[in-house]
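What follows is the content of run36.cif, which has mmCIF, C-alpha atoms:
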```cif
data_structure
loop_
_atom_site.group_PDB
_atom_site.id
_atom_site.type_symbol
_atom_site.label_atom_id
_atom_site.label_comp_id
_atom_site.auth_asym_id
_atom_site.auth_seq_id
_atom_site.Cartn_x
_atom_site.Cartn_y
_atom_site.Cartn_z
ATOM 1 C CA MET A 10 -20.942 -7.057 -52.063
ATOM 2 C CA PRO A 11 -17.277 -6.628 -52.964
ATOM 3 C CA ARG A 12 -16.941 -10.398 -53.075
ATOM 4 C CA ARG A 13 -19.491 -10.767 -55.806
ATOM 5 C CA ALA A 14 -17.721 -8.153 -57.860
ATOM 6 C CA ARG A 15 -14.479 -9.974 -57.525
ATOM 7 C CA ARG A 16 -15.974 -13.285 -58.539
ATOM 8 C CA SER A 17 -17.418 -11.858 -61.691
ATOM 9 C CA SER A 18 -14.066 -10.459 -62.716
ATOM 10 C CA GLY A 19 -12.451 -13.871 -62.249
ATOM 11 C CA HIS A 20 -10.245 -13.044 -59.267
ATOM 12 C CA VAL A 21 -9.450 -15.581 -56.570
ATOM 13 C CA VAL A 22 -11.515 -14.916 -53.478
ATOM 14 C CA ASP A 23 -9.381 -14.488 -50.402
ATOM 15 C CA GLY A 24 -11.307 -14.635 -47.120
ATOM 16 C CA TYR A 25 -9.196 -12.292 -44.998
ATOM 17 C CA LEU A 26 -10.741 -11.180 -41.749
ATOM 18 C CA GLU A 27 -11.073 -7.453 -41.359
ATOM 19 C CA LEU A 28 -8.783 -7.126 -38.353
ATOM 20 C CA MET A 29 -8.008 -3.450 -38.636
ATOM 21 C CA PRO A 30 -11.013 -2.167 -36.602
ATOM 22 C CA LEU A 31 -10.245 -4.682 -33.876
ATOM 23 C CA MET A 32 -6.619 -3.590 -33.918
ATOM 24 C CA ASN A 33 -7.660 0.026 -33.563
ATOM 25 C CA VAL A 34 -9.798 -0.817 -30.545
ATOM 26 C CA LEU A 35 -6.991 -2.773 -28.937
ATOM 27 C CA VAL A 36 -4.439 -0.057 -29.592
ATOM 28 C CA ALA A 37 -6.738 2.488 -27.930
ATOM 29 C CA LEU A 38 -7.602 0.173 -25.031
ATOM 30 C CA LEU A 39 -4.027 -0.789 -24.193
ATOM 31 C CA PRO A 40 -2.634 2.651 -23.285
ATOM 32 C CA MET A 41 -5.771 3.395 -21.297
ATOM 33 C CA LEU A 42 -5.432 0.210 -19.263
ATOM 34 C CA LEU A 43 -1.686 0.619 -18.903
ATOM 35 C CA LEU A 44 -2.209 4.068 -17.430
ATOM 36 C CA SER A 45 -4.794 2.853 -14.940
ATOM 37 C CA ALA A 46 -2.994 -0.381 -14.084
ATOM 38 C CA VAL A 47 -1.591 -0.721 -10.591
ATOM 39 C CA PHE A 48 1.494 -2.868 -10.597
ATOM 40 C CA VAL A 49 2.342 -2.377 -6.920
ATOM 41 C CA LYS A 50 -0.494 -2.623 -4.456
ATOM 42 C CA VAL A 51 -0.592 -0.283 -1.465
ATOM 43 C CA THR A 52 -1.904 -1.916 1.699
ATOM 44 C CA VAL A 53 -2.073 -0.658 5.265
ATOM 45 C CA ILE A 54 -1.089 -1.771 8.753
ATOM 46 C CA ASP A 55 -3.725 -0.806 11.285
ATOM 47 C CA LEU A 56 -2.380 0.462 14.563
ATOM 48 C CA ASP A 57 -3.872 0.214 17.998
ATOM 49 C CA ALA A 58 -3.712 3.255 20.211
ATOM 50 C CA PRO A 59 -1.204 2.656 23.020
ATOM 51 C CA PRO A 60 -2.807 1.947 26.409
ATOM 52 C CA ALA A 61 -3.814 5.236 27.990
ATOM 53 C CA ALA A 62 -2.484 6.060 31.427
ATOM 54 C CA GLU A 63 -5.972 6.653 32.763
ATOM 55 C CA ALA A 64 -7.357 3.400 31.308
ATOM 56 C CA PRO A 65 -8.868 1.089 33.907
ATOM 57 C CA ALA A 66 -6.574 -1.619 35.179
ATOM 58 C CA PRO A 67 -7.242 -5.067 33.746
ATOM 59 C CA ALA A 68 -9.300 -7.457 35.817
ATOM 60 C CA ALA A 69 -7.380 -9.451 38.395
ATOM 61 C CA ASP A 70 -8.272 -12.806 36.845
ATOM 62 C CA LYS A 71 -6.818 -11.712 33.492
ATOM 63 C CA PRO A 72 -3.475 -10.098 34.180
ATOM 64 C CA SER A 73 -2.026 -8.199 31.260
ATOM 65 C CA LEU A 74 1.056 -9.716 29.728
ATOM 66 C CA ALA A 75 2.416 -6.289 28.698
ATOM 67 C CA LEU A 76 4.471 -7.953 26.005
ATOM 68 C CA ALA A 77 6.936 -5.520 24.489
ATOM 69 C CA VAL A 78 9.728 -5.579 21.945
ATOM 70 C CA THR A 79 12.234 -2.792 22.381
ATOM 71 C CA ILE A 80 14.258 -1.883 19.313
ATOM 72 C CA LYS A 81 17.665 -0.703 20.482
ATOM 73 C CA ASP A 82 20.570 0.246 18.223
ATOM 74 C CA ASP A 83 22.264 -3.130 18.481
ATOM 75 C CA TYR A 84 19.692 -5.498 19.879
ATOM 76 C CA TYR A 85 16.029 -6.343 20.375
ATOM 77 C CA VAL A 86 14.665 -6.934 23.865
ATOM 78 C CA VAL A 87 11.576 -9.106 24.289
ATOM 79 C CA GLU A 88 10.071 -8.682 27.720
ATOM 80 C CA GLY A 89 6.835 -8.656 29.637
ATOM 81 C CA GLN A 90 5.215 -9.851 32.809
ATOM 82 C CA GLN A 91 5.585 -13.610 33.418
ATOM 83 C CA ILE A 92 8.015 -13.778 30.484
ATOM 84 C CA ALA A 93 11.736 -14.391 30.658
ATOM 85 C CA LYS A 94 13.558 -11.393 29.171
ATOM 86 C CA ARG A 95 15.335 -12.185 25.912
ATOM 87 C CA VAL A 96 17.974 -10.116 24.171
ATOM 88 C CA ILE A 97 18.609 -10.715 20.469
ATOM 89 C CA GLN A 98 21.583 -9.152 18.699
ATOM 90 C CA ARG A 99 20.484 -7.241 15.594
ATOM 91 C CA ALA A 100 23.821 -7.787 13.875
ATOM 92 C CA ALA A 101 23.172 -11.538 13.695
ATOM 93 C CA ALA A 102 22.210 -12.736 10.235
ATOM 94 C CA ASP A 103 19.184 -14.544 11.610
ATOM 95 C CA ALA A 104 18.065 -11.792 14.029
ATOM 96 C CA GLY A 105 14.603 -11.728 12.433
ATOM 97 C CA VAL A 106 14.257 -15.490 12.737
ATOM 98 C CA GLN A 107 15.376 -15.407 16.378
ATOM 99 C CA LEU A 108 12.901 -12.639 17.178
ATOM 100 C CA ALA A 109 10.124 -14.554 15.400
ATOM 101 C CA GLY A 110 11.067 -17.644 17.425
ATOM 102 C CA ALA A 111 11.025 -15.722 20.725
ATOM 103 C CA LEU A 112 7.603 -14.243 19.949
ATOM 104 C CA ALA A 113 6.267 -17.612 18.782
ATOM 105 C CA ASP A 114 7.345 -19.080 22.153
ATOM 106 C CA VAL A 115 5.384 -16.351 23.956
ATOM 107 C CA VAL A 116 2.335 -17.037 21.764
ATOM 108 C CA VAL A 117 2.534 -20.763 22.577
ATOM 109 C CA GLN A 118 2.808 -20.047 26.320
ATOM 110 C CA HIS A 119 0.103 -17.364 26.344
ATOM 111 C CA PRO A 120 -2.259 -18.056 23.426
ATOM 112 C CA GLU A 121 -4.886 -15.649 24.809
ATOM 113 C CA ASN A 122 -2.589 -12.651 24.329
ATOM 114 C CA GLN A 123 -2.739 -10.936 20.944
ATOM 115 C CA GLU A 124 -1.212 -7.632 21.905
ATOM 116 C CA ILE A 125 2.300 -6.404 21.567
ATOM 117 C CA MET A 126 3.963 -3.036 22.097
ATOM 118 C CA ILE A 127 6.871 -2.005 19.931
ATOM 119 C CA ILE A 128 9.090 0.446 21.764
ATOM 120 C CA SER A 129 11.386 2.444 19.495
ATOM 121 C CA GLN A 130 14.159 4.979 19.960
ATOM 122 C CA PRO A 131 13.658 8.447 18.444
ATOM 123 C CA HIS A 132 16.205 7.639 15.724
ATOM 124 C CA THR A 133 14.867 4.152 14.939
ATOM 125 C CA LYS A 134 14.155 3.868 11.238
ATOM 126 C CA TYR A 135 10.578 3.427 10.077
ATOM 127 C CA GLU A 136 11.640 0.474 7.920
ATOM 128 C CA ASP A 137 12.959 -1.384 10.997
ATOM 129 C CA ILE A 138 9.714 -0.729 12.895
ATOM 130 C CA ILE A 139 7.665 -2.118 9.989
ATOM 131 C CA ALA A 140 9.932 -5.187 9.868
ATOM 132 C CA VAL A 141 9.331 -5.879 13.598
ATOM 133 C CA MET A 142 5.584 -5.331 13.086
ATOM 134 C CA ASP A 143 5.621 -7.904 10.289
ATOM 135 C CA ILE A 144 7.461 -10.413 12.465
ATOM 136 C CA SER A 145 4.966 -9.857 15.318
ATOM 137 C CA ARG A 146 1.951 -10.269 13.075
ATOM 138 C CA GLU A 147 3.350 -13.407 11.484
ATOM 139 C CA ALA A 148 4.076 -14.819 14.958
ATOM 140 C CA GLY A 149 0.379 -14.424 15.856
ATOM 141 C CA LEU A 150 0.312 -11.022 17.553
ATOM 142 C CA PRO A 151 -1.834 -8.893 15.241
ATOM 143 C CA SER A 152 -2.650 -6.114 17.693
ATOM 144 C CA VAL A 153 0.368 -3.814 17.555
ATOM 145 C CA SER A 154 0.860 -0.482 19.276
ATOM 146 C CA LEU A 155 3.847 1.822 18.888
ATOM 147 C CA LEU A 156 5.527 3.505 21.808
ATOM 148 C CA GLY A 157 8.525 5.766 22.254
ATOM 149 C CA ASP A 158 11.371 5.015 24.627
ATOM 150 C CA MET B 24 0.529 -17.157 -46.946
ATOM 151 C CA ALA B 25 3.269 -17.705 -49.563
ATOM 152 C CA ARG B 26 0.954 -19.848 -51.655
ATOM 153 C CA HIS B 27 -1.690 -17.139 -51.741
ATOM 154 C CA ARG B 28 0.739 -14.551 -52.908
ATOM 155 C CA THR B 29 2.022 -16.747 -55.736
ATOM 156 C CA LYS B 30 -1.518 -17.481 -56.849
ATOM 157 C CA ARG B 31 -2.390 -13.833 -57.005
ATOM 158 C CA ARG B 32 0.547 -12.968 -59.123
ATOM 159 C CA VAL B 33 -0.148 -15.811 -61.551
ATOM 160 C CA ASN B 34 -3.748 -14.759 -61.883
ATOM 161 C CA GLY B 35 -2.758 -11.216 -62.623
ATOM 162 C CA GLY B 36 -4.474 -9.858 -59.505
ATOM 163 C CA SER B 37 -3.217 -7.301 -57.073
ATOM 164 C CA THR B 38 0.419 -7.767 -56.071
ATOM 165 C CA GLN B 39 -0.138 -5.917 -52.777
ATOM 166 C CA ALA B 40 0.938 -8.222 -49.964
ATOM 167 C CA PRO B 41 -1.419 -8.177 -46.937
ATOM 168 C CA ILE B 42 0.173 -7.283 -43.608
ATOM 169 C CA PRO B 43 0.364 -10.385 -41.403
ATOM 170 C CA MET B 44 -2.018 -9.230 -38.718
ATOM 171 C CA THR B 45 -2.542 -12.497 -36.895
ATOM 172 C CA SER B 46 0.802 -12.469 -35.055
ATOM 173 C CA LEU B 47 0.314 -8.812 -34.096
ATOM 174 C CA MET B 48 -3.160 -9.619 -32.830
ATOM 175 C CA ASP B 49 -1.737 -12.458 -30.739
ATOM 176 C CA ILE B 50 0.767 -10.106 -29.103
ATOM 177 C CA LEU B 51 -1.874 -7.473 -28.406
ATOM 178 C CA THR B 52 -4.306 -10.016 -26.982
ATOM 179 C CA CYS B 53 -1.638 -11.395 -24.618
ATOM 180 C CA LEU B 54 -0.707 -7.862 -23.554
ATOM 181 C CA LEU B 55 -4.331 -6.948 -22.999
ATOM 182 C CA LEU B 56 -4.944 -9.995 -20.809
ATOM 183 C CA PHE B 57 -1.814 -9.233 -18.769
ATOM 184 C CA VAL B 58 -2.826 -5.615 -18.231
ATOM 185 C CA LEU B 59 -6.410 -6.571 -17.373
ATOM 186 C CA LYS B 60 -5.095 -8.989 -14.754
ATOM 187 C CA SER B 61 -3.066 -6.272 -13.074
ATOM 188 C CA VAL B 62 -5.895 -3.730 -12.988
ATOM 189 C CA VAL B 63 -7.341 -3.380 -9.511
ATOM 190 C CA LEU B 64 -11.080 -3.241 -9.966
ATOM 191 C CA GLU B 65 -11.885 -1.856 -6.531
ATOM 192 C CA GLY B 66 -9.994 1.291 -7.355
ATOM 193 C CA GLU B 67 -7.145 2.731 -5.378
ATOM 194 C CA VAL B 68 -8.147 4.269 -2.075
ATOM 195 C CA ILE B 69 -4.573 5.325 -1.398
ATOM 196 C CA SER B 70 -2.358 6.564 -4.168
ATOM 197 C CA PRO B 71 1.276 6.874 -3.118
ATOM 198 C CA VAL B 72 2.588 10.430 -3.018
ATOM 199 C CA PRO B 73 5.408 10.890 -5.550
ATOM 200 C CA GLY B 74 8.757 10.976 -3.780
ATOM 201 C CA VAL B 75 7.745 8.631 -0.978
ATOM 202 C CA SER B 76 9.445 5.268 -1.008
ATOM 203 C CA LEU B 77 7.096 3.182 1.126
ATOM 204 C CA PRO B 78 8.502 0.214 3.060
ATOM 205 C CA GLU B 79 7.443 -3.299 2.086
ATOM 206 C CA SER B 80 5.288 -5.375 4.373
ATOM 207 C CA SER B 81 3.511 -8.702 4.379
ATOM 208 C CA SER B 82 0.296 -7.000 5.511
ATOM 209 C CA ASN B 83 -2.615 -7.405 3.129
ATOM 210 C CA SER B 84 -5.253 -5.239 4.822
ATOM 211 C CA ALA B 85 -7.052 -3.126 2.274
ATOM 212 C CA ALA B 86 -6.845 0.621 2.718
ATOM 213 C CA GLN B 87 -9.973 2.478 3.788
ATOM 214 C CA ASN B 88 -10.960 5.984 2.897
ATOM 215 C CA SER B 89 -8.906 8.232 5.101
ATOM 216 C CA ILE B 90 -6.914 11.414 5.325
ATOM 217 C CA ALA B 91 -3.428 10.884 3.901
ATOM 218 C CA ILE B 92 -0.382 12.369 5.553
ATOM 219 C CA ALA B 93 2.937 11.905 3.783
ATOM 220 C CA ILE B 94 6.316 12.167 5.483
ATOM 221 C CA PHE B 95 9.415 12.110 3.313
ATOM 222 C CA ASP B 96 12.770 13.831 2.871
ATOM 223 C CA ASP B 97 12.309 16.818 5.187
ATOM 224 C CA VAL B 98 8.617 17.543 4.802
ATOM 225 C CA VAL B 99 5.261 16.580 6.252
ATOM 226 C CA MET B 100 2.533 16.864 3.614
ATOM 227 C CA MET B 101 -1.228 16.742 3.759
ATOM 228 C CA ASP B 102 -3.455 16.951 0.676
ATOM 229 C CA GLY B 103 -0.437 17.766 -1.474
ATOM 230 C CA GLU B 104 0.588 20.765 0.622
ATOM 231 C CA VAL B 105 3.693 21.035 2.754
ATOM 232 C CA ILE B 106 2.584 21.471 6.362
ATOM 233 C CA ALA B 107 5.821 21.305 8.315
ATOM 234 C CA THR B 108 9.519 20.551 8.018
ATOM 235 C CA VAL B 109 10.794 17.434 9.734
ATOM 236 C CA SER B 110 14.074 18.920 11.002
ATOM 237 C CA LYS B 111 12.256 21.743 12.820
ATOM 238 C CA VAL B 112 9.516 19.521 14.240
ATOM 239 C CA VAL B 113 11.954 16.934 15.596
ATOM 240 C CA LYS B 114 13.972 19.571 17.461
ATOM 241 C CA SER B 115 10.944 20.604 19.484
ATOM 242 C CA ASP B 116 10.148 18.754 22.713
ATOM 243 C CA ASN B 117 6.451 19.212 22.082
ATOM 244 C CA LEU B 118 4.917 16.151 20.440
ATOM 245 C CA MET B 119 2.131 18.228 18.906
ATOM 246 C CA ILE B 120 2.703 19.624 15.402
ATOM 247 C CA ALA B 121 0.598 22.812 15.519
ATOM 248 C CA PRO B 122 0.097 23.446 11.750
ATOM 249 C CA LEU B 123 -0.862 19.808 11.166
ATOM 250 C CA ALA B 124 -3.247 19.883 14.124
ATOM 251 C CA SER B 125 -5.052 22.958 12.767
ATOM 252 C CA ARG B 126 -5.356 21.371 9.297
ATOM 253 C CA LEU B 127 -6.718 18.178 10.830
ATOM 254 C CA ARG B 128 -9.232 20.130 12.905
ATOM 255 C CA ASP B 129 -10.401 21.931 9.748
ATOM 256 C CA ALA B 130 -10.797 18.606 7.960
ATOM 257 C CA HIS B 131 -12.634 17.217 10.983
ATOM 258 C CA GLU B 132 -15.077 20.147 10.996
ATOM 259 C CA LYS B 133 -15.663 19.833 7.252
ATOM 260 C CA SER B 134 -16.391 16.115 7.520
ATOM 261 C CA GLU B 135 -18.838 16.745 10.359
ATOM 262 C CA GLU B 136 -20.605 19.452 8.358
ATOM 263 C CA ILE B 137 -20.896 17.150 5.340
ATOM 264 C CA ALA B 138 -22.180 14.349 7.576
ATOM 265 C CA LYS B 139 -24.773 16.739 9.035
ATOM 266 C CA LEU B 140 -25.934 17.852 5.591
ATOM 267 C CA ARG B 141 -26.219 14.271 4.472
ATOM 268 C CA GLY B 142 -28.138 13.402 7.597
ATOM 269 C CA ASP B 143 -25.654 10.814 8.817
ATOM 270 C CA THR B 144 -26.236 9.963 12.437
ATOM 271 C CA GLU B 145 -23.059 7.943 12.819
ATOM 272 C CA GLU B 146 -20.453 9.358 15.127
ATOM 273 C CA PHE B 147 -17.391 10.790 13.394
ATOM 274 C CA ARG B 148 -14.534 8.308 13.255
ATOM 275 C CA GLY B 149 -11.379 9.986 12.130
ATOM 276 C CA ARG B 150 -9.149 7.804 10.007
ATOM 277 C CA ALA B 151 -5.689 8.842 8.996
ATOM 278 C CA SER B 152 -3.194 6.911 6.924
ATOM 279 C CA ILE B 153 0.448 7.818 7.194
ATOM 280 C CA GLN B 154 2.586 7.402 4.118
ATOM 281 C CA GLY B 155 6.058 7.413 5.549
ATOM 282 C CA ASP B 156 9.257 7.069 3.575
ATOM 283 C CA ARG B 157 11.289 4.070 4.696
ATOM 284 C CA GLU B 158 14.133 6.360 5.816
ATOM 285 C CA ILE B 159 12.160 8.511 8.275
ATOM 286 C CA THR B 160 12.777 8.139 11.999
ATOM 287 C CA PHE B 161 10.409 7.244 14.801
ATOM 288 C CA ALA B 162 10.720 10.755 16.265
ATOM 289 C CA ILE B 163 8.717 12.349 13.434
ATOM 290 C CA LEU B 164 6.342 9.390 13.114
ATOM 291 C CA GLN B 165 5.546 9.625 16.829
ATOM 292 C CA ARG B 166 4.802 13.343 16.568
ATOM 293 C CA VAL B 167 2.528 12.890 13.552
ATOM 294 C CA MET B 168 0.697 10.002 15.250
ATOM 295 C CA PHE B 169 0.305 11.968 18.464
ATOM 296 C CA THR B 170 -1.029 15.002 16.581
ATOM 297 C CA CYS B 171 -3.505 12.822 14.680
ATOM 298 C CA SER B 172 -4.860 11.117 17.788
ATOM 299 C CA GLN B 173 -5.154 14.452 19.643
ATOM 300 C CA SER B 174 -7.031 16.012 16.710
ATOM 301 C CA GLY B 175 -9.750 13.386 16.561
ATOM 302 C CA TYR B 176 -8.085 11.013 14.108
ATOM 303 C CA GLU B 177 -7.635 8.042 16.359
ATOM 304 C CA GLU B 178 -7.735 5.282 13.774
ATOM 305 C CA ILE B 179 -4.253 5.435 12.359
ATOM 306 C CA SER B 180 -2.891 3.135 9.703
ATOM 307 C CA LEU B 181 0.503 2.986 8.085
ATOM 308 C CA ALA B 182 0.624 2.692 4.302
ATOM 309 C CA VAL B 183 3.014 0.053 2.985
ATOM 310 C CA LEU B 184 3.720 -1.742 -0.252
ATOM 311 C CA GLU B 185 2.504 -5.303 -0.405
ATOM 312 C CA LYS B 186 5.421 -7.722 -0.578
ATOM 313 C CA SER B 187 5.275 -9.656 -3.817
#
```
Translate this structure into structure tokens?
Amino acid sequence: MPRRARRSSGHVVDGYLELMPLMNVLVALLPMLLLSAVFVKVTVIDLDAPPAAEAPAPAADKPSLALAVTIKDDYYVVEGQQIAKRVIQRAAADAGVQLAGALADVVVQHPENQEIMIISQPHTKYEDIIAVMDISREAGLPSVSLLGD
Amino acid sequence: MARHRTKRRVNGGSTQAPIPMTSLMDILTCLLLFVLKSVVLEGEVISPVPGVSLPESSSNSAAQNSIAIAIFDDVVMMDGEVIATVSKVVKSDNLMIAPLASRLRDAHEKSEEIAKLRGDTEEFRGRASIQGDREITFAILQRVMFTCSQSGYEEISLAVLEKS
């Protein structure tokens, strides 16, 4: 309707799109989405309950490996039955890589084992425990239980 | 755009210059797409408690509906309420945190009542997720985990931030 009026008065017809309503919608939508947006995703690490003392002993044909990583102040100790004990200095720049290597060796030697116990000191930081859990999971030991020293 | 304006003036029409909306629209559309991409459609099961600086992990397991217990600075919190102080709890030789245990038992009873009213026949499986600050020690984590497992919350998960 307005167009016809313009034509009759001799004005040049300019076909501008009416973008204002769309702009209004977008301006309302953006803050709403920004408020509900999650920029950092929270995930979880599932824990296994540590083996109970009264749990039945494993069958003789499948001896438990009892693989454990002990987090000490200065070093990690990887030990278990039928496994050579390994001590890795935490101060080393590649301590994480060495620990991952040691656990990967155990996984290669005992592919049936998926369990690992992480033994911490009372003052061990949570961040360090999570880092060891990550290394274990990436090495192929997804079933992690936490124990105190 | 410049040509249009000149024409208008020559023809004696309105001299009001239109706002260049197209570039603004482009910016808004890009922003909208970016925000839409970052929106998690499943909804957040766990929302981090303010003040807790969660550690980063490569784990990508999705969180399940569970009771959230936050440990940070010097407090242990459940449902936004301070339950215990870390310094006091750690001094004790007892691994059980009594106030937390009673709160968990209450929550357990409530869930069982709700399940009964709804007619659920499934056995109660207590799930607890611990939101621990990266600076907390194992001593407090161990006590909270022990209390959870003794109070019927045996499925324990640790909340972490997904490594980007």
*Can you turn the PyMOL selection byres ((chain B) within 7 of (chain A)) into a concrete residue list for this file, as a list in words?*
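Applied to this file, the PyMOL selection byres ((chain B) within 7 of (chain A)) selects Gly36, Leu51, Leu55, Val58, Ser61, Val62, Val63, Ile69, Pro78, Ser80, Ser81, Ser82, Asn83, Ser84, Ala85, Ala86, Arg157, Glu158, Ile159, Thr160, Phe161, Ala162, Ile179, Ser180, Leu181, Ala182, Val183, Leu184 and Glu185 of chain B.
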*What gap, in Å, lies between atom CA of Val117 of chain A and atom CA of Glu178 of chain B?*
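Result for atom CA of Val117 of chain A versus atom CA of Glu178 of chain B: 29.3 Å, one decimal.
Distances here use all atoms listed in the file; by that measure, the residue among B:Leu127, B:Leu164, B:Ala151, B:Leu54 closest to Phe95 of chain B is B:Leu164.
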*What is the distance, in Å and to one decimal place, between atom CA of Pro43 of chain B and atom CA of Leu59 of chain B?*
25.3 Å
_Answer key for the PyMOL selection byres ((chain B and resi 71) around 9), residues as a PyMOL selection string_ = (chain A and resi 51) or (chain B and resi 69-70+72-77+93+154+182)
Write the selection just made, keeping C-alpha atoms, as a CSV table (one decimal), in the coordinates of the input?
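In the end it all went to part07.csv:
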```
chain,number,residue,atom,x,y,z
A,51,VAL,CA,-0.6,-0.3,-1.5
B,69,ILE,CA,-4.6,5.3,-1.4
B,70,SER,CA,-2.4,6.6,-4.2
B,72,VAL,CA,2.6,10.4,-3.0
B,73,PRO,CA,5.4,10.9,-5.6
B,74,GLY,CA,8.8,11.0,-3.8
B,75,VAL,CA,7.7,8.6,-1.0
B,76,SER,CA,9.4,5.3,-1.0
B,77,LEU,CA,7.1,3.2,1.1
B,93,ALA,CA,2.9,11.9,3.8
B,154,GLN,CA,2.6,7.4,4.1
B,182,ALA,CA,0.6,2.7,4.3
```
Picked residues, the PyMOL selection byres ((chain B and resi 110-115) around 9), expected as a short mmCIF file (atom, residue, chain, number, x, y, z; two decimals) with C-alpha atoms, keeping the file's coordinate frame:
```cif
data_model
loop_
_atom_site.label_atom_id
_atom_site.label_comp_id
_atom_site.auth_asym_id
_atom_site.auth_seq_id
_atom_site.Cartn_x
_atom_site.Cartn_y
_atom_site.Cartn_z
CA ASP B 97 12.31 16.82 5.19
CA VAL B 98 8.62 17.54 4.80
CA ALA B 107 5.82 21.30 8.32
CA THR B 108 9.52 20.55 8.02
CA VAL B 109 10.79 17.43 9.73
CA ASP B 116 10.15 18.75 22.71
CA ASN B 117 6.45 19.21 22.08
CA LEU B 118 4.92 16.15 20.44
CA MET B 119 2.13 18.23 18.91
CA ILE B 120 2.70 19.62 15.40
CA ALA B 162 10.72 10.76 16.26
CA ILE B 163 8.72 12.35 13.43
CA ARG B 166 4.80 13.34 16.57
#
```
If we count only C-alpha atoms and set the cut-off at 8 Å, which residues sit around segment 99-109 of chain A, ignoring sequence neighbours fewer than 6 positions away in its own chain? Please answer as a compact mmCIF listing (two decimals) with C-alpha atoms, keeping the file's coordinate frame.
```txt
# COMPACT_ATOMS: atom_id res chain seq x y z
CA ASP A 82 20.57 0.25 18.22
CA ASP A 83 22.26 -3.13 18.48
CA TYR A 84 19.69 -5.50 19.88
CA TYR A 85 16.03 -6.34 20.38
CA VAL A 141 9.33 -5.88 13.60
CA ILE A 144 7.46 -10.41 12.46
CA SER A 145 4.97 -9.86 15.32
CA GLU A 147 3.35 -13.41 11.48
CA ALA A 148 4.08 -14.82 14.96
```
*atom CA of Leu74 of chain A to atom CA of Gln98 of chain A: how many Å, to one decimal?*
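So the two atoms, atom CA of Leu74 of chain A and atom CA of Gln98 of chain A, lie 23.3 Å apart.
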_Can you pull out the residues contacting Ser134 of chain B? Cut-off 12 Å, using only C-alpha atoms, and skip same-chain residues under 3 positions away; I want them as a ChimeraX atom specification._
/B:89-90,127-131,137-141,143,145-150,175-176
Selection file, C-alpha atoms, as a CSV table (one decimal), in the coordinates of the input:
```
chain,number,residue,atom,x,y,z
B,89,SER,CA,-8.9,8.2,5.1
B,90,ILE,CA,-6.9,11.4,5.3
B,127,LEU,CA,-6.7,18.2,10.8
B,128,ARG,CA,-9.2,20.1,12.9
B,129,ASP,CA,-10.4,21.9,9.7
B,130,ALA,CA,-10.8,18.6,8.0
B,131,HIS,CA,-12.6,17.2,11.0
B,137,ILE,CA,-20.9,17.2,5.3
B,138,ALA,CA,-22.2,14.3,7.6
B,139,LYS,CA,-24.8,16.7,9.0
B,140,LEU,CA,-25.9,17.9,5.6
B,141,ARG,CA,-26.2,14.3,4.5
B,143,ASP,CA,-25.7,10.8,8.8
B,145,GLU,CA,-23.1,7.9,12.8
B,146,GLU,CA,-20.5,9.4,15.1
B,147,PHE,CA,-17.4,10.8,13.4
B,148,ARG,CA,-14.5,8.3,13.3
B,149,GLY,CA,-11.4,10.0,12.1
B,150,ARG,CA,-9.1,7.8,10.0
B,175,GLY,CA,-9.8,13.4,16.6
B,176,TYR,CA,-8.1,11.0,14.1
```
_Residue nearest Ile92 of chain B among B:Gln39, B:Glu132, B:Ser172, B:Gly155 (counting all atoms listed in the file)_ =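 That would be B:Gly155, the residue with the smallest distance to Ile92 of chain B.
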_Selected residue, from A:Ile92, A:Ala37, A:Val115, A:Val86, that lies nearest to Gly149 of chain A when counting all atoms listed in the file_ =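 Looking only at the distances to Gly149 of chain A, the closest residue turns out to be A:Val115.
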